[in-house]
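The data block below is model.cif; it holds mmCIF, C-alpha atoms and all ligand atoms.
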data_coords
loop_
_atom_site.label_atom_id
_atom_site.label_comp_id
_atom_site.auth_asym_id
_atom_site.auth_seq_id
_atom_site.Cartn_x
_atom_site.Cartn_y
_atom_site.Cartn_z
CA MET A 543 -9.00 -63.38 -41.70
CA TYR A 544 -11.11 -60.27 -41.94
CA THR A 545 -9.66 -58.17 -44.73
CA GLN A 546 -11.42 -54.83 -44.89
CA ALA A 547 -8.36 -52.82 -43.88
CA LEU A 548 -8.65 -53.83 -40.27
CA ASP A 549 -4.88 -53.89 -39.90
CA LEU A 550 -3.07 -52.44 -36.91
CA PRO A 551 -1.40 -49.06 -37.37
CA ASP A 552 2.26 -49.56 -38.30
CA PRO A 553 4.30 -47.42 -35.86
CA GLN A 554 6.77 -46.68 -38.72
CA GLN A 555 4.04 -45.28 -40.91
CA ALA A 556 1.68 -43.88 -38.28
CA GLN A 557 1.31 -40.13 -38.35
CA GLU A 558 3.68 -38.47 -35.93
CA ALA A 559 2.10 -36.51 -33.08
CA PRO A 560 2.04 -32.82 -34.08
CA ALA A 561 5.37 -31.24 -33.05
CA SER A 562 4.15 -27.77 -32.10
CA PRO A 563 0.88 -26.12 -30.97
CA ALA A 564 0.51 -24.67 -34.49
CA ASP A 565 0.90 -28.16 -36.01
CA ALA A 566 -1.61 -29.53 -33.49
CA ALA A 567 -4.15 -26.85 -34.46
CA GLY A 568 -3.56 -27.73 -38.13
CA ALA A 569 -4.06 -31.46 -37.49
CA GLN A 570 -7.23 -30.74 -35.53
CA ALA A 571 -8.54 -28.48 -38.33
CA GLN A 572 -7.84 -31.19 -40.91
CA PHE A 573 -9.63 -33.77 -38.76
CA ASP A 574 -12.64 -31.46 -38.27
CA ALA A 575 -12.79 -30.75 -42.00
CA LYS A 576 -12.84 -34.49 -42.76
CA ILE A 577 -15.65 -35.05 -40.28
CA ASP A 578 -17.63 -32.13 -41.73
CA ALA A 579 -17.10 -33.44 -45.27
CA GLU A 580 -18.32 -36.92 -44.19
CA ARG A 581 -14.97 -38.48 -45.12
CA LYS A 582 -13.81 -41.54 -43.18
CA ILE A 583 -11.11 -41.37 -40.53
CA GLU A 584 -8.72 -44.30 -41.00
CA PRO A 585 -6.37 -45.93 -38.45
CA ARG A 586 -3.24 -44.10 -39.68
CA ASP A 587 -4.89 -40.67 -39.74
CA TRP A 588 -4.25 -38.24 -36.91
CA MET A 589 -7.21 -38.14 -34.54
CA PRO A 590 -7.87 -36.39 -31.23
CA GLU A 591 -7.12 -38.61 -28.26
CA ALA A 592 -10.71 -38.22 -26.98
CA TYR A 593 -12.10 -39.43 -30.35
CA ARG A 594 -9.82 -42.49 -30.18
CA ARG A 595 -10.86 -43.24 -26.58
CA THR A 596 -14.57 -42.81 -27.33
CA LEU A 597 -14.39 -45.19 -30.27
CA LEU A 598 -12.37 -47.72 -28.32
CA ARG A 599 -14.93 -47.58 -25.49
CA GLN A 600 -17.91 -48.04 -27.80
CA ILE A 601 -16.42 -50.64 -30.17
CA SER A 602 -14.97 -52.77 -27.37
CA GLN A 603 -18.26 -52.63 -25.43
CA HIS A 604 -20.01 -53.61 -28.63
CA ALA A 605 -17.60 -56.54 -29.20
CA HIS A 606 -18.06 -57.75 -25.61
CA SER A 607 -21.86 -57.56 -26.09
CA GLU A 608 -21.68 -59.82 -29.12
CA ILE A 609 -19.53 -62.37 -27.28
CA VAL A 610 -21.53 -62.36 -24.02
CA GLY A 611 -24.66 -62.23 -26.19
CA MET A 612 -23.86 -65.76 -27.41
CA LEU A 613 -24.60 -67.16 -23.94
CA PRO A 614 -28.37 -66.70 -23.39
CA GLU A 615 -29.24 -68.35 -26.70
CA GLY A 616 -26.30 -70.76 -26.58
CA ASN A 617 -27.96 -72.31 -23.51
CA TRP A 618 -30.71 -73.58 -25.82
CA ILE A 619 -28.62 -75.21 -28.57
CA SER A 620 -28.82 -78.63 -26.91
CA ARG A 621 -32.57 -78.23 -26.30
CA ALA A 622 -33.76 -76.86 -29.67
CA PRO A 623 -37.06 -78.55 -30.56
CA SER A 624 -36.03 -79.80 -34.04
CA LEU A 625 -32.98 -80.33 -36.23
CA LYS A 626 -33.97 -77.31 -38.34
CA ARG A 627 -34.24 -75.00 -35.31
CA LYS A 628 -30.95 -76.34 -33.96
CA ALA A 629 -29.14 -75.65 -37.25
CA ILE A 630 -30.55 -72.11 -37.38
CA LEU A 631 -29.63 -71.41 -33.78
CA LEU A 632 -26.11 -72.79 -34.18
CA ALA A 633 -25.57 -70.56 -37.23
CA LYS A 634 -26.92 -67.51 -35.42
CA VAL A 635 -24.82 -67.99 -32.29
CA GLN A 636 -21.73 -68.52 -34.46
CA ASP A 637 -22.53 -65.31 -36.34
CA GLU A 638 -22.57 -63.40 -33.04
CA GLY A 639 -19.12 -64.82 -32.25
CA GLY A 640 -17.94 -63.63 -35.68
CA HIS A 641 -19.34 -60.15 -35.02
CA GLY A 642 -17.38 -60.01 -31.78
CA LEU A 643 -14.19 -60.90 -33.65
CA TYR A 644 -14.64 -58.27 -36.43
CA LEU A 645 -15.31 -55.70 -33.73
CA TYR A 646 -12.27 -56.65 -31.64
CA SER A 647 -10.23 -56.31 -34.85
CA ALA A 648 -11.72 -52.87 -35.52
CA ALA A 649 -10.97 -51.82 -31.93
CA GLU A 650 -7.39 -53.12 -32.20
CA THR A 651 -6.74 -50.60 -34.99
CA LEU A 652 -7.06 -47.95 -32.27
CA GLY A 653 -3.99 -49.32 -30.51
CA THR A 654 -5.34 -51.61 -27.78
CA SER A 655 -4.80 -55.34 -27.99
CA ARG A 656 -7.56 -57.91 -27.84
CA ASP A 657 -5.92 -59.39 -24.73
CA GLN A 658 -6.26 -56.03 -22.98
CA MET A 659 -9.92 -55.73 -23.98
CA VAL A 660 -10.72 -59.29 -22.90
CA GLU A 661 -8.96 -58.68 -19.59
CA ALA A 662 -11.10 -55.56 -19.05
CA LEU A 663 -14.24 -57.63 -19.68
CA HIS A 664 -13.21 -60.48 -17.42
CA SER A 665 -12.19 -58.22 -14.55
CA GLY A 666 -15.59 -56.49 -14.69
CA LYS A 667 -14.10 -53.12 -15.75
CA ALA A 668 -15.64 -53.10 -19.23
CA LYS A 669 -19.33 -52.82 -19.97
CA TYR A 670 -21.43 -54.94 -22.29
CA SER A 671 -25.09 -54.61 -23.20
CA SER A 672 -27.51 -54.80 -20.27
CA ILE A 673 -29.86 -57.03 -22.25
CA PHE A 674 -27.65 -60.11 -22.01
CA ASN A 675 -27.99 -60.20 -18.24
CA TYR A 676 -31.56 -61.49 -18.49
CA PRO A 677 -32.29 -65.24 -18.43
CA THR A 678 -33.71 -67.37 -21.26
CA LEU A 679 -36.32 -69.39 -19.37
CA SER A 680 -38.18 -70.98 -22.28
CA TRP A 681 -37.76 -71.77 -25.98
CA ALA A 682 -39.92 -68.72 -26.76
CA ASP A 683 -37.15 -66.54 -25.26
CA VAL A 684 -34.87 -67.63 -28.10
CA GLY A 685 -37.38 -66.39 -30.68
CA MET A 686 -37.91 -63.24 -28.62
CA ILE A 687 -34.17 -62.46 -28.65
CA GLY A 688 -34.19 -62.77 -32.45
CA TRP A 689 -37.31 -60.67 -32.95
CA LEU A 690 -36.79 -57.98 -30.30
CA VAL A 691 -33.10 -57.95 -29.33
CA ASP A 692 -31.77 -58.36 -32.87
CA GLY A 693 -34.52 -56.00 -34.06
CA ALA A 694 -33.28 -53.37 -31.59
CA ALA A 695 -29.68 -54.12 -32.51
CA ILE A 696 -30.40 -53.50 -36.22
CA MET A 697 -32.20 -50.23 -35.45
CA ASN A 698 -29.15 -49.07 -33.48
CA GLN A 699 -26.51 -50.48 -35.83
CA VAL A 700 -27.70 -49.48 -39.30
CA PRO A 701 -26.80 -45.83 -38.58
CA ILE A 702 -23.35 -46.98 -37.38
CA CYS A 703 -22.66 -48.19 -40.96
CA ARG A 704 -22.18 -44.43 -41.58
CA CYS A 705 -19.85 -43.98 -38.59
CA SER A 706 -16.94 -41.62 -39.29
CA TYR A 707 -14.37 -44.27 -38.32
CA GLY A 708 -13.77 -46.46 -41.39
CA PRO A 709 -13.02 -49.86 -39.81
CA TYR A 710 -16.08 -49.68 -37.52
CA ALA A 711 -18.39 -48.54 -40.34
CA ARG A 712 -17.20 -51.32 -42.67
CA ALA A 713 -17.54 -54.02 -39.99
CA MET A 714 -21.09 -52.84 -39.29
CA ILE A 715 -22.21 -53.27 -42.91
CA ARG A 716 -21.52 -56.97 -42.77
CA ILE A 717 -22.87 -57.35 -39.24
CA CYS A 718 -26.17 -55.66 -40.12
CA LYS A 719 -26.76 -58.06 -43.01
CA GLU A 720 -26.42 -60.99 -40.65
CA GLU A 721 -28.54 -59.35 -37.94
CA SER A 722 -31.40 -59.06 -40.44
CA PHE A 723 -31.43 -62.84 -40.85
CA HIS A 724 -31.36 -63.17 -37.06
CA GLN A 725 -34.39 -60.93 -36.65
CA ARG A 726 -36.35 -62.74 -39.35
CA GLN A 727 -35.66 -66.21 -37.96
CA GLY A 728 -36.80 -65.07 -34.50
CA PHE A 729 -40.03 -63.63 -35.84
CA GLU A 730 -40.69 -66.74 -37.92
CA SER A 731 -40.07 -69.06 -34.97
CA LEU A 732 -42.49 -67.06 -32.81
CA MET A 733 -45.06 -67.05 -35.61
CA VAL A 734 -44.96 -70.86 -35.71
CA GLN A 735 -45.32 -71.04 -31.92
CA MET A 736 -48.27 -68.61 -32.02
CA GLN A 737 -50.02 -70.98 -34.44
CA GLY A 738 -49.54 -73.87 -32.00
CA THR A 739 -51.29 -74.82 -28.78
CA PRO A 740 -52.68 -72.41 -26.14
CA ALA A 741 -49.71 -73.36 -23.95
CA GLN A 742 -47.28 -72.36 -26.72
CA ARG A 743 -49.06 -69.04 -27.22
CA ALA A 744 -48.96 -68.40 -23.47
CA MET A 745 -45.22 -69.17 -23.47
CA VAL A 746 -44.64 -66.56 -26.23
CA GLN A 747 -46.73 -63.96 -24.41
CA ASP A 748 -44.82 -64.61 -21.18
CA ALA A 749 -41.52 -64.12 -23.02
CA ALA A 750 -42.78 -60.85 -24.58
CA ASN A 751 -43.83 -59.63 -21.11
CA ARG A 752 -40.33 -60.25 -19.76
CA TRP A 753 -38.25 -58.92 -22.73
CA TRP A 754 -40.15 -55.82 -23.87
CA TRP A 755 -38.99 -53.37 -21.20
CA PRO A 756 -35.34 -54.50 -21.00
CA VAL A 757 -35.19 -54.21 -24.83
CA LEU A 758 -36.45 -50.62 -24.72
CA ALA A 759 -33.81 -49.81 -22.08
CA MET A 760 -31.11 -51.38 -24.25
CA PHE A 761 -31.03 -48.24 -26.44
CA GLY A 762 -29.32 -46.46 -23.55
CA PRO A 763 -30.35 -43.71 -21.14
CA PRO A 764 -32.69 -40.90 -22.21
CA ASP A 765 -30.92 -38.26 -24.30
CA ALA A 766 -30.97 -35.80 -21.39
CA ASP A 767 -29.01 -38.31 -19.25
CA SER A 768 -26.64 -39.55 -21.96
CA PRO A 769 -23.22 -38.02 -21.27
CA ASN A 770 -21.60 -39.32 -24.47
CA SER A 771 -24.26 -38.42 -27.02
CA ALA A 772 -23.52 -34.79 -27.92
CA GLN A 773 -19.82 -35.36 -28.65
CA GLY A 774 -20.53 -38.71 -30.33
CA MET A 775 -22.94 -36.96 -32.68
CA ARG A 776 -20.48 -34.15 -33.42
CA TRP A 777 -17.85 -36.72 -34.36
CA GLY A 778 -20.21 -38.70 -36.57
CA ILE A 779 -19.86 -41.82 -34.40
CA LYS A 780 -23.46 -41.67 -33.31
CA ARG A 781 -25.95 -40.60 -35.98
CA ILE A 782 -29.32 -40.92 -34.26
CA SER A 783 -29.94 -40.31 -30.55
CA ASN A 784 -30.89 -43.01 -28.00
CA ASP A 785 -34.47 -41.69 -27.64
CA ALA A 786 -35.00 -41.27 -31.39
CA LEU A 787 -33.86 -44.87 -32.05
CA ARG A 788 -36.04 -46.17 -29.23
CA GLN A 789 -39.04 -44.38 -30.76
CA LYS A 790 -38.30 -45.77 -34.24
CA PHE A 791 -38.07 -49.25 -32.73
CA VAL A 792 -41.42 -48.94 -30.93
CA ASP A 793 -43.10 -47.64 -34.10
CA ALA A 794 -41.67 -50.49 -36.19
CA THR A 795 -42.44 -53.22 -33.64
CA VAL A 796 -46.06 -52.47 -32.72
CA PRO A 797 -47.44 -53.60 -36.12
CA GLN A 798 -45.25 -56.73 -36.01
CA ALA A 799 -46.67 -57.60 -32.57
CA LYS A 800 -50.17 -57.27 -34.03
CA ILE A 801 -49.32 -59.70 -36.83
CA LEU A 802 -47.91 -62.15 -34.28
CA GLY A 803 -50.91 -61.77 -31.99
CA VAL A 804 -48.74 -60.77 -29.03
CA THR A 805 -49.79 -58.03 -26.58
CA LEU A 806 -46.93 -55.68 -25.71
CA PRO A 807 -47.00 -55.26 -21.91
CA ASP A 808 -47.57 -51.50 -21.77
CA PRO A 809 -51.07 -50.12 -21.07
CA GLU A 810 -49.87 -46.65 -22.12
CA LEU A 811 -48.73 -47.81 -25.56
CA GLN A 812 -50.90 -46.04 -28.12
CA TRP A 813 -50.71 -44.19 -31.43
CA ASN A 814 -50.38 -40.43 -31.05
CA GLU A 815 -52.07 -38.87 -34.09
CA GLU A 816 -50.49 -35.49 -33.51
CA ARG A 817 -46.91 -36.77 -33.22
CA GLN A 818 -47.48 -39.54 -35.79
CA GLN A 819 -45.63 -41.82 -33.38
CA HIS A 820 -46.53 -44.14 -30.52
CA ASP A 821 -46.62 -42.95 -26.94
CA TYR A 822 -45.27 -45.46 -24.48
CA GLY A 823 -44.98 -45.83 -20.69
CA ALA A 824 -42.08 -45.03 -18.36
CA ILE A 825 -38.97 -47.21 -18.50
CA ALA A 826 -37.58 -48.45 -15.16
CA TRP A 827 -34.22 -46.68 -15.33
CA ASP A 828 -33.28 -47.77 -11.80
CA GLU A 829 -33.44 -51.37 -12.96
CA PHE A 830 -31.39 -50.52 -16.08
CA TRP A 831 -28.59 -48.91 -14.04
CA ALA A 832 -28.63 -51.79 -11.53
CA VAL A 833 -28.07 -54.21 -14.43
CA VAL A 834 -25.39 -52.00 -16.05
CA ASN A 835 -23.60 -51.79 -12.69
CA GLY A 836 -23.37 -55.57 -12.31
CA ASN A 837 -26.53 -56.36 -10.34
CA GLY A 838 -28.86 -57.80 -12.96
CA PRO A 839 -30.38 -61.29 -12.78
CA CYS A 840 -27.49 -63.01 -14.62
CA ASN A 841 -24.45 -60.65 -14.53
CA LYS A 842 -22.35 -62.88 -12.30
CA GLU A 843 -23.28 -66.06 -14.14
CA ARG A 844 -22.50 -64.53 -17.56
CA LEU A 845 -19.09 -63.26 -16.52
CA ALA A 846 -18.18 -66.51 -14.75
CA THR A 847 -19.15 -68.51 -17.87
CA ARG A 848 -17.00 -66.26 -20.11
CA VAL A 849 -13.99 -66.46 -17.80
CA LYS A 850 -14.26 -70.26 -17.58
CA ALA A 851 -14.55 -70.58 -21.37
CA HIS A 852 -11.44 -68.40 -21.78
CA GLU A 853 -9.47 -70.43 -19.25
CA ASP A 854 -10.62 -73.73 -20.76
CA GLY A 855 -9.43 -72.48 -24.17
CA GLN A 856 -5.89 -71.66 -22.99
CA TRP A 857 -4.52 -74.92 -24.43
CA VAL A 858 -5.86 -73.97 -27.90
CA ARG A 859 -4.11 -70.60 -27.79
CA ASP A 860 -0.90 -72.25 -26.53
CA ALA A 861 -1.06 -74.85 -29.32
CA ALA A 862 -1.67 -72.20 -32.01
CA LEU A 863 1.28 -70.14 -30.78
CA ALA A 864 3.55 -73.21 -30.60
CA HIS A 865 2.55 -74.11 -34.18
CA ALA A 866 3.20 -70.56 -35.39
CA ARG A 867 6.65 -70.54 -33.71
CA LYS A 868 7.50 -73.91 -35.31
CA GLN A 869 6.47 -72.67 -38.75
CA GLN A 870 8.44 -69.46 -38.34
CA ALA A 871 11.55 -71.42 -37.29
CA ARG A 872 11.13 -73.72 -40.32
CA ALA A 873 10.75 -70.76 -42.67
CA LEU A 874 13.89 -69.14 -41.22
CA LYS A 875 15.84 -72.41 -41.61
CA GLU A 876 14.73 -72.78 -45.22
CA ALA A 877 15.63 -69.16 -45.98
CA ALA A 878 19.13 -69.57 -44.44
N1 LIG B 901 -26.01 -51.63 -21.63
O1 LIG B 901 -23.92 -41.70 -22.94
P1 LIG B 901 -24.54 -43.01 -23.34
C1 LIG B 901 -26.46 -57.01 -30.07
C2 LIG B 901 -23.79 -47.10 -20.96
S1 LIG B 901 -25.18 -55.93 -29.79
C3 LIG B 901 -24.92 -51.32 -20.89
O2 LIG B 901 -25.83 -42.96 -24.05
P2 LIG B 901 -23.21 -44.02 -25.72
C4 LIG B 901 -26.25 -58.11 -31.07
C5 LIG B 901 -22.81 -46.46 -21.93
O3 LIG B 901 -21.88 -47.41 -22.36
C6 LIG B 901 -25.77 -54.89 -28.49
N2 LIG B 901 -24.42 -50.06 -20.83
O4 LIG B 901 -23.44 -43.88 -24.13
C7 LIG B 901 -26.78 -59.37 -30.56
C8 LIG B 901 -22.24 -45.35 -21.10
O5 LIG B 901 -21.29 -45.88 -20.19
P3 LIG B 901 -19.71 -45.46 -20.22
C9 LIG B 901 -24.78 -53.85 -28.18
C10 LIG B 901 -25.08 -49.10 -21.53
O6 LIG B 901 -22.04 -44.89 -25.92
C11 LIG B 901 -28.13 -59.65 -30.61
C12 LIG B 901 -23.42 -44.92 -20.24
O7 LIG B 901 -24.34 -46.00 -20.25
N3 LIG B 901 -24.82 -52.83 -29.18
O8 LIG B 901 -27.46 -56.83 -29.46
C13 LIG B 901 -26.20 -49.38 -22.32
O9 LIG B 901 -23.22 -42.67 -26.36
C14 LIG B 901 -28.62 -60.86 -30.11
C15 LIG B 901 -24.08 -43.67 -20.76
O10 LIG B 901 -24.72 -43.92 -22.03
C16 LIG B 901 -23.89 -51.85 -29.22
O11 LIG B 901 -22.98 -51.83 -28.41
C17 LIG B 901 -26.68 -50.70 -22.34
N4 LIG B 901 -27.76 -51.08 -23.04
O12 LIG B 901 -24.51 -44.80 -26.21
C18 LIG B 901 -25.91 -60.32 -30.00
C19 LIG B 901 -24.03 -50.84 -30.33
N5 LIG B 901 -26.61 -48.22 -22.90
O13 LIG B 901 -19.09 -46.19 -21.36
C20 LIG B 901 -26.41 -61.54 -29.52
C21 LIG B 901 -22.98 -49.79 -30.30
C22 LIG B 901 -25.77 -47.25 -22.47
O14 LIG B 901 -19.69 -43.95 -20.44
C23 LIG B 901 -27.78 -61.80 -29.59
N6 LIG B 901 -23.10 -48.93 -29.18
N7 LIG B 901 -24.86 -47.80 -21.65
O15 LIG B 901 -19.17 -45.91 -18.92
C24 LIG B 901 -23.89 -47.80 -29.14
O16 LIG B 901 -24.60 -47.50 -30.08
C25 LIG B 901 -23.80 -46.92 -27.94
O17 LIG B 901 -22.62 -47.23 -27.24
C26 LIG B 901 -25.03 -47.03 -26.98
C27 LIG B 901 -24.77 -46.13 -25.77
C28 LIG B 901 -26.28 -46.56 -27.68
C29 LIG B 901 -25.21 -48.48 -26.49
#
Here is the file; what I need is its structure written in the form of structure tokens.
Amino acid sequence: MYTQALDLPDPQQAQEAPASPADAAGAQAQFDAKIDAERKIEPRDWMPEAYRRTLLRQISQHAHSEIVGMLPEGNWISRAPSLKRKAILLAKVQDEGGHGLYLYSAAETLGTSRDQMVEALHSGKAKYSSIFNYPTLSWADVGMIGWLVDGAAIMNQVPICRCSYGPYARAMIRICKEESFHQRQGFESLMVQMQGTPAQRAMVQDAANRWWWPVLAMFGPPDADSPNSAQGMRWGIKRISNDALRQKFVDATVPQAKILGVTLPDPELQWNEERQQHDYGAIAWDEFWAVVNGNGPCNKERLATRVKAHEDGQWVRDAALAHARKQQARALKEAA
């Protein structure tokens, strides 16, 4: 079991809601002072309801992304080209499942059960990352997910290790370590393919053409259209804006693409001497919102696969509960 203080708030010990407006103002001032001093907010601390809801929204969406994110690569486990690649891919996909579980645990400390979160995902109410609604058409897509999707995920998630909410920040430290391995294995797999036949190189280029733009969109809408950013920054949940992270990702990835020998599919991509950053072309935000709103290439398939897996696993949950009840009854009998 994950043990970095990801326990649920105990109602007996949880801080009482402030009794009077003066108490409420005091609790708010204490919370603000903690945020300003860069101290962590922990599950039993008083927190504004909007802070709790924002965290729950972001952490549960993040957890769902990890779980749904197992599917595009999972499709290739049975078709990996060698035992070594299969072992790596199995380990990676399992890691993503683990990330989902730490994150559900972190979200549970905010007072919502995992069952409620899973129900929100399965009914289509909850969001998960747009990127996992794109198909994995070739083996090169698996490497591309490691290189670009995990690369983008690390860029976005390293700053979350400094999130003001303790359980989320601590979960992210461990997750980022594993994501680094994921990014490296993807790059290495693509490097091997790029040293292969012309057909293999063409397959990698085709995958880069398809993943580049959706990966840039994955960082979220432009800052000017990001309703949650300003407050998220004030609360120390978000440390670097969507556009700033996207820019850092482009600047870090261009030299890697050169080493690989892959052309990034953007004629406007070029170094801007004045800004000391790359310029890049316009992102298709209409496509992004269509995917976020359920109309991407694989949204329906992904959700249906998740729901089926959950239903197929009902007997495991029933068996675990029956076993726990049996053990509890035995312990009670022995204590009597
Ligand atoms: N997809 O105001 P903002 C991974 C929504 S994990 C779908 O900017 P915020 C590991 C957003 O939720 C990938 N929806 O929102 C892996 C909001 O909607 P709402 C996931 C998106 O929260 C690798 C609305 O748009 N990572 O890859 C997306 O301040 C390989 C307005 O947006 C995380 O979740 C999107 N891409 O910033 C696994 C990291 N972007 O809720 C397997 C944590 C935005 O108001 C294989 N999350 N939206 O209805 C975050 O850092 C933030 O939540 C952002 C969005 C940056 C994603």
Rank A:Phe723, A:Asn751, A:Gly762, A:Gly693 by their smallest atom-to-atom distance to Val792 in chain A, using only C-alpha atoms, and report the top residue only.
A:Gly693
Separation of atom C24 of ligand LIG 901 (chain B) from CA of Ser671 in chain A in Å:
9.1 Å
Return the single residue from A:Ala786, A:Leu802, A:Ala861, A:Ala871 that is closest to Met697 in chain A, with distances computed using all atoms listed in the file.
A:Ala786
List all protein, DNA and RNA residues that have at least one atom no more than 6 Å from any atom of ligand LIG 901 (chain B), counting only C-alpha atoms and all ligand atoms, and write them as a PyMOL selection string.
chain A and resi 600+603-604+607-608+611-612+638+669-672+687+691-692+695+698+760-763+768-771+784+834
Within 9 Å of range 577-579 of chain A using all atoms listed in the file, minus same-chain residues under 3 positions, as a ChimeraX atom specification
/A:572-574,582-583,706,776-778
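Of the listed residues A:Pro560, A:Pro764, A:Gly708, A:Pro623, the one whose atoms come nearest to Gln735 in chain A is A:Pro623, with distances taken using all atoms listed in the file.
For the set A:Trp813, A:Thr678, A:Val660, A:Ala741, the residue with the smallest atom-to-atom gap to Pro839 in chain A is A:Thr678, counting only C-alpha atoms.
With CA of Cys718 in chain A on one side and CA of Glu650 in chain A on the other, the separation reads 20.5 Å.
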Please list as JSON, numbers by chain every residue within 12 Å of Cys840 in chain A, counting only C-alpha atoms and excluding residues in the same chain fewer than 5 positions away.
{"A": [610, 611, 613, 614, 672, 673, 674, 675, 676, 677, 678, 679, 832, 833, 834, 845, 846, 847]}
